[in-house]
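S.K.: Structure incoming, see below.
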Amino acid sequence: MKRRSFLVGASASLGMGNLPTLSWAAAGAPDFITAGNLADKSSWLVGLTQSGEVVFQIPIPNRGHAAAVNPQAAQAVAFARRPGRFAVVIDCANSSEVARLETPEGRHFYGHGAFSADGKILFTTENDYDAPAGVLGIWDVTDGYRRIGEVPSGGIGPHEILRLNDGGFAVANGGIQTHPDMARAKLNLPSMRTNLTYLSPKAEIIDQIELSGDMHQNSIRHIAIDGTGAIVAALQWQGMPTRQVPLVLKHERGQKVQFMPHPDTRLLKNYAGSVAVCPSTGEVAVTGPKGSTVIYFSADGSAIGSEHHSTASGVAPAPSGGLMITRDGGLVHRHKTGETVIPVAGDWSWDNHLVAR
């Protein structure tokens with residue numbers, strides 16, 4: 001669907017149907033949503049409180065990656081990890097499946113999505129793998145999550161998409177060409193180009209920054225927003241594995257990229273996982289599940305230490321202050337530089353992301 005027809009169709013469709021109205025209280029008032037797997041290899045969308053209580057666990061078809069939370073209702077979309085073709089829309093209050101999204105021929109999901117501020121449109125990051133090109137799938141929530149079009153993501157390999165404070169979006173285009181016929185093989189590493197793309201609330205590209213030169217293989221994967229509206233990004237290095245490069249950057253529109261070096265970056269094993277910013281202090285946490293390490297930065301980008309946490313995966317702001325991290329055996333609450341391990345019942349293995357509800 002062309003851009004103009006999407007905008008016209010979307011505005012017309014927003015009057016159709018009604019958004020769900022059940023609140024998160026009816027779903028057990030979770031503080032966080034995440035994907036997890038049990039010892040029997042079953043996969044679930046899980047609602048967690050900051051005290052470590054599982055308030056719901058709802059089955060999903062296969063291993064999940066991240067979830068998008070509807071800002072207006074107790075609904076979440078669980079995405080398959082790349083190169084998955086399913087996304088399950090779940091009514092978390094009733095533990096029921098509302099819809100199952102399937103990509104059109106020639107597309108697969110990249111594990112992330114984001115709702116418009118009014119909750120009426122869902123955008124999903126996808127791979128147009130024969131082009132190759134990244135696209136954002138567009139789904140009308142008010143019409144049963146009907147797909148109504150797609151627009152360019154601004155690069156190859158779009159991964160995480162976040163809604164910005166002004167209602168627009170930021171997309172991390174990781175730059176890595178893949179094809180489902182070749183599993184998770186990376187097909188263009190010598191020539192890959194990664195960028196951060198900014199879009200308007202109508203998903204029109206309005207700005208981009210690209211990592212070039214000796215950083216062109218530093219794939220931008222996951223992103224968070226700090227208190228000033230700047231983007232903080234977690235990177236995954238695809239170049240010479242023995243080379244040590246920063247795996248975190250900060251960017252404010254109109255400014256140059258600020259890389260954030262850390263003396264313990266090597267512990268991440270070239271793979272920064274999730275990233276989150278504490279709203280009250282500006283502290284940044286970046287997880288390294290492959291290295292079982294979390295590195296920390298102050299609000300000005302200075303390194304302030306690291307901690308070992310087995311398979312540290314997702315991270316998100318905690319409602320009581322500080323940051324919450326998923327790890328083997330449960331959660332870690334990071335607050336005022338102190339850390340408390342919070343057990344979670346069940347033998348859970350968490351996937352990469354923790355989403356604050």
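Ordering of the structure tokens sets the chain letters (A, B, ...), residue numbers begin anew at 1 in every chain, and ligands are numbered from 1 in the order given.
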If you run DSSP on the backbone, which residues of segment 120-335 of chain A are strand (DSSP E), as a ChimeraX atom specification?
M.R.: /A:121-128,133-140,146-152,158-163,169-173,194-199,205-211,218-225,231-237,248-251,258-259,275-277,284-288,293-297,303-308,315-317,323-327,330-335
S.K.: So that I can check the surroundings of Ser219 of chain A, please list as number ranges by chain every protein, DNA and RNA residue that reaches within 6 Å of it, counting only C-alpha atoms and ignoring chain neighbours fewer than 5 positions away.
M.R.: A: 174, 194, 235-236
S.K.: Any chance you could list, as a compact mmCIF listing (two decimals) with N, CA, C and O atoms, in the first residue's frame, the residues in segment 127-273 of chain A that come up helix (DSSP H, G or I) when DSSP is run on the backbone?
M.R.:
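Just written: out.txt:
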# COMPACT_ATOMS: atom_id res chain seq x y z
N VAL A 141 -6.11 -1.60 15.01
CA VAL A 141 -6.56 -2.25 16.24
C VAL A 141 -8.07 -2.24 16.33
O VAL A 141 -8.69 -3.21 16.79
N THR A 142 -8.72 -1.16 15.88
CA THR A 142 -10.17 -1.03 16.02
C THR A 142 -10.94 -1.92 15.07
O THR A 142 -12.16 -2.04 15.18
N ASP A 143 -10.24 -2.54 14.13
CA ASP A 143 -10.90 -3.44 13.17
C ASP A 143 -10.30 -4.83 13.29
O ASP A 143 -9.96 -5.46 12.29
N PRO A 180 14.86 -15.89 5.54
CA PRO A 180 14.40 -17.05 6.30
C PRO A 180 14.84 -18.39 5.73
O PRO A 180 14.92 -19.38 6.45
N ASP A 181 15.16 -18.45 4.44
CA ASP A 181 15.66 -19.69 3.86
C ASP A 181 17.06 -20.03 4.35
O ASP A 181 17.55 -21.15 4.14
N MET A 182 17.71 -19.06 4.99
CA MET A 182 19.07 -19.26 5.48
C MET A 182 19.13 -19.08 6.98
O MET A 182 20.14 -18.63 7.55
N LEU A 189 27.56 -8.62 6.03
CA LEU A 189 28.37 -7.95 7.06
C LEU A 189 29.44 -7.02 6.50
O LEU A 189 29.65 -5.93 7.05
N PRO A 190 30.16 -7.37 5.42
CA PRO A 190 31.18 -6.43 4.93
C PRO A 190 30.62 -5.07 4.51
O PRO A 190 31.32 -4.05 4.60
N SER A 191 29.38 -5.07 4.01
CA SER A 191 28.82 -3.82 3.47
C SER A 191 27.65 -3.29 4.29
O SER A 191 26.98 -2.34 3.86
N GLY A 213 31.95 4.71 8.54
CA GLY A 213 33.38 4.52 8.79
C GLY A 213 33.65 3.23 9.54
O GLY A 213 33.07 2.19 9.22
N ASP A 214 34.51 3.30 10.55
CA ASP A 214 34.88 2.07 11.26
C ASP A 214 33.81 1.60 12.23
O ASP A 214 34.00 0.61 12.94
N MET A 215 32.65 2.28 12.27
CA MET A 215 31.54 1.86 13.12
C MET A 215 30.36 1.30 12.32
O MET A 215 29.30 1.03 12.88
N THR A 265 32.98 -3.24 28.89
CA THR A 265 32.28 -3.60 27.65
C THR A 265 32.68 -4.98 27.15
O THR A 265 31.85 -5.74 26.64
N ARG A 266 33.95 -5.34 27.31
CA ARG A 266 34.43 -6.65 26.84
C ARG A 266 33.65 -7.81 27.45
O ARG A 266 33.53 -8.89 26.85
N LEU A 267 33.10 -7.62 28.66
CA LEU A 267 32.36 -8.69 29.33
C LEU A 267 31.04 -9.00 28.61
O LEU A 267 30.46 -10.07 28.82
N LEU A 268 30.57 -8.10 27.77
CA LEU A 268 29.31 -8.32 27.05
C LEU A 268 29.49 -9.25 25.86
O LEU A 268 28.51 -9.68 25.25
S.K.: Extract, using only C-alpha atoms, all DNA, RNA and protein residues at most 9 Å from Gln50 of chain A, discarding same-chain residues fewer than 5 positions from it, and format them as a count of residues only.
M.R.: 10
S.K.: Taking 3 positions as the minimum chain separation for residues in the same chain, which residues sit within 8 Å of Asp128 of chain A when counting only C-alpha atoms? Answer as a ChimeraX atom specification.
M.R.: /A:106-108,131-135
S.K.: If we count only C-alpha atoms and set the cut-off at 12 Å, which residues sit around Ala356 of chain A, ignoring sequence neighbours fewer than 6 positions away in its own chain? Please answer as a PyMOL selection string.
M.R.: chain A and resi 29-34+47-50+66-71+76+224+276-278+314-320+323-325
S.K.: Near Trp44 of chain A, within 6 Å and counting only C-alpha atoms, which residues show up once chain neighbours fewer than 3 positions away are dropped, as number ranges by chain?
M.R.: A: 35-36, 57-60
